[in-house]
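Undergrad: Dropping a structure here in C-alpha cells format, bear with me for questions.
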Amino acid sequence: MGYYILIGIFSLISMAVSQTLKAKFRKYSQVRLSNGMSGREIAEQMLADNGIHDVKVVSVPGQLTDHYNPITKTVNLSEAVYLERNAAAAAVAAHECGHAVQHKVGYSWLQFRSKMVPIVNISSNLSMFLIMGGIFLYASSNIPYVLAFGVIAFAVTTLFTFVTLPVEYDASNRALAWMKQKNIVQPQEYAGAKDSLKWAARTYLVAALGSLAQLIYFASLLLNNRRS
C-alpha cells in the first residue's frame, strides 16, 4: 500500500508539472519572434555560430519529440518547433542544439550519460521483475538475493535520472547564453524562452526525485526484512 501511495503522489506531481509545461508552451507559442526566424533557422544559426557543420536539423512527427541524436548527428525538431516562429519554438530548438554543442566540446556529464545507456537499457527492463519476484521470494522463503539484485538494478536507473539533470540544465544554459549573446531574441521573447526551459527541466527533476523515492522504498523493504 505504501508503494502505491508513493507512486500516486509523484504521479500527481508529475502530471501537474507536465500540464504547467504544456500551458507555458501554449502561452509562449503566442509570442512571435521579432526576427521572424523559425525553429529550424534558430537551430541552424546556433550550430553555425558554434562551428558545428556536420549536424543536420530535421523535422520529426509528434509533440515534444524534440531531441539530439549523437549517432546520426541530427537535431530532431517536432513539426511545430521546426516550422513555428515563436519564443517556445526558439527555446526548444536552441536547447537541442545545446546538446550538440555538448557533444562537440566533450561535456563530461553527457559522455558519462552516454556510457550508461547500454547498462540502463538492461537494468530498466529487469529491475521491476527482479524486485517483484524478489519481494515474493523474500516473504515466502527468506531468500534476499533476487530482491537485492533488483534494488541494485533500480539504483542504476535512478543514477541515470540524476546524471540526466546536469546534461539538461547545461543544454538550456548554453541555449539561453547564446540567444542573449547573439541578440537572437528581444527581452520579452527571452523571458518566455527561459520560462519554457525552466519548466521543461522540472519534468526531469520530478522524474529523478520520484525514482529516488522508489529506490529508498525498495531498499527499506530489503533492510527491514533482514532485520526481522
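Just so we're on the same page: first chain in the C-alpha cells is A, next is B, and so on; residues restart at 1 for each chain, and ligands are numbered from 1 in the order they show up.
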Could you tell me, as a VMD selection string, which residues of range 69-169 of chain A DSSP assigns to alpha helix (DSSP H) when given the backbone?

TA: chain A and resid 79 to 83 87 to 105 108 to 141 145 to 169

Undergrad: Name the residues of range 36-164 of chain A that come out as strand (DSSP E) in a backbone DSSP run; write them as a VMD selection string.

TA: chain A and resid 56 to 60 67 to 69 74 to 78

Undergrad: Please, could you write that set of residues out with N, CA and C atoms as a PDB file, in the first residue's frame?

TA:
```pdb
ATOM      1  N   LYS A  56      22.788  17.914 -38.946  1.00  0.00           N
ATOM      2  CA  LYS A  56      21.633  18.360 -39.715  1.00  0.00           C
ATOM      3  C   LYS A  56      20.438  18.620 -38.801  1.00  0.00           C
ATOM      4  N   VAL A  57      19.611  19.573 -39.197  1.00  0.00           N
ATOM      5  CA  VAL A  57      18.369  19.869 -38.479  1.00  0.00           C
ATOM      6  C   VAL A  57      17.225  19.283 -39.286  1.00  0.00           C
ATOM      7  N   VAL A  58      16.491  18.356 -38.682  1.00  0.00           N
ATOM      8  CA  VAL A  58      15.424  17.667 -39.402  1.00  0.00           C
ATOM      9  C   VAL A  58      14.116  17.754 -38.617  1.00  0.00           C
ATOM     10  N   SER A  59      13.020  17.532 -39.317  1.00  0.00           N
ATOM     11  CA  SER A  59      11.695  17.551 -38.701  1.00  0.00           C
ATOM     12  C   SER A  59      11.235  16.127 -38.420  1.00  0.00           C
ATOM     13  N   VAL A  60      10.633  15.933 -37.237  1.00  0.00           N
ATOM     14  CA  VAL A  60      10.091  14.622 -36.873  1.00  0.00           C
ATOM     15  C   VAL A  60       8.642  14.807 -36.424  1.00  0.00           C
ATOM     16  N   HIS A  67      14.710  16.100 -29.957  1.00  0.00           N
ATOM     17  CA  HIS A  67      15.883  15.506 -29.335  1.00  0.00           C
ATOM     18  C   HIS A  67      17.088  15.620 -30.261  1.00  0.00           C
ATOM     19  N   TYR A  68      18.263  15.486 -29.646  1.00  0.00           N
ATOM     20  CA  TYR A  68      19.508  15.443 -30.415  1.00  0.00           C
ATOM     21  C   TYR A  68      20.004  14.008 -30.443  1.00  0.00           C
ATOM     22  N   ASN A  69      20.349  13.526 -31.634  1.00  0.00           N
ATOM     23  CA  ASN A  69      20.848  12.168 -31.789  1.00  0.00           C
ATOM     24  C   ASN A  69      22.332  12.229 -32.130  1.00  0.00           C
ATOM     25  N   THR A  74      22.020  14.474 -35.757  1.00  0.00           N
ATOM     26  CA  THR A  74      20.847  15.231 -36.202  1.00  0.00           C
ATOM     27  C   THR A  74      20.185  15.899 -35.001  1.00  0.00           C
ATOM     28  N   VAL A  75      19.755  17.134 -35.212  1.00  0.00           N
ATOM     29  CA  VAL A  75      18.879  17.817 -34.257  1.00  0.00           C
ATOM     30  C   VAL A  75      17.466  17.595 -34.775  1.00  0.00           C
ATOM     31  N   ASN A  76      16.703  16.813 -34.041  1.00  0.00           N
ATOM     32  CA  ASN A  76      15.362  16.423 -34.470  1.00  0.00           C
ATOM     33  C   ASN A  76      14.331  17.307 -33.784  1.00  0.00           C
ATOM     34  N   LEU A  77      13.625  18.079 -34.568  1.00  0.00           N
ATOM     35  CA  LEU A  77      12.628  19.003 -34.034  1.00  0.00           C
ATOM     36  C   LEU A  77      11.230  18.558 -34.438  1.00  0.00           C
ATOM     37  N   SER A  78      10.300  18.601 -33.472  1.00  0.00           N
ATOM     38  CA  SER A  78       8.910  18.300 -33.798  1.00  0.00           C
ATOM     39  C   SER A  78       8.406  19.301 -34.823  1.00  0.00           C
TER      40      SER A  78
END
```
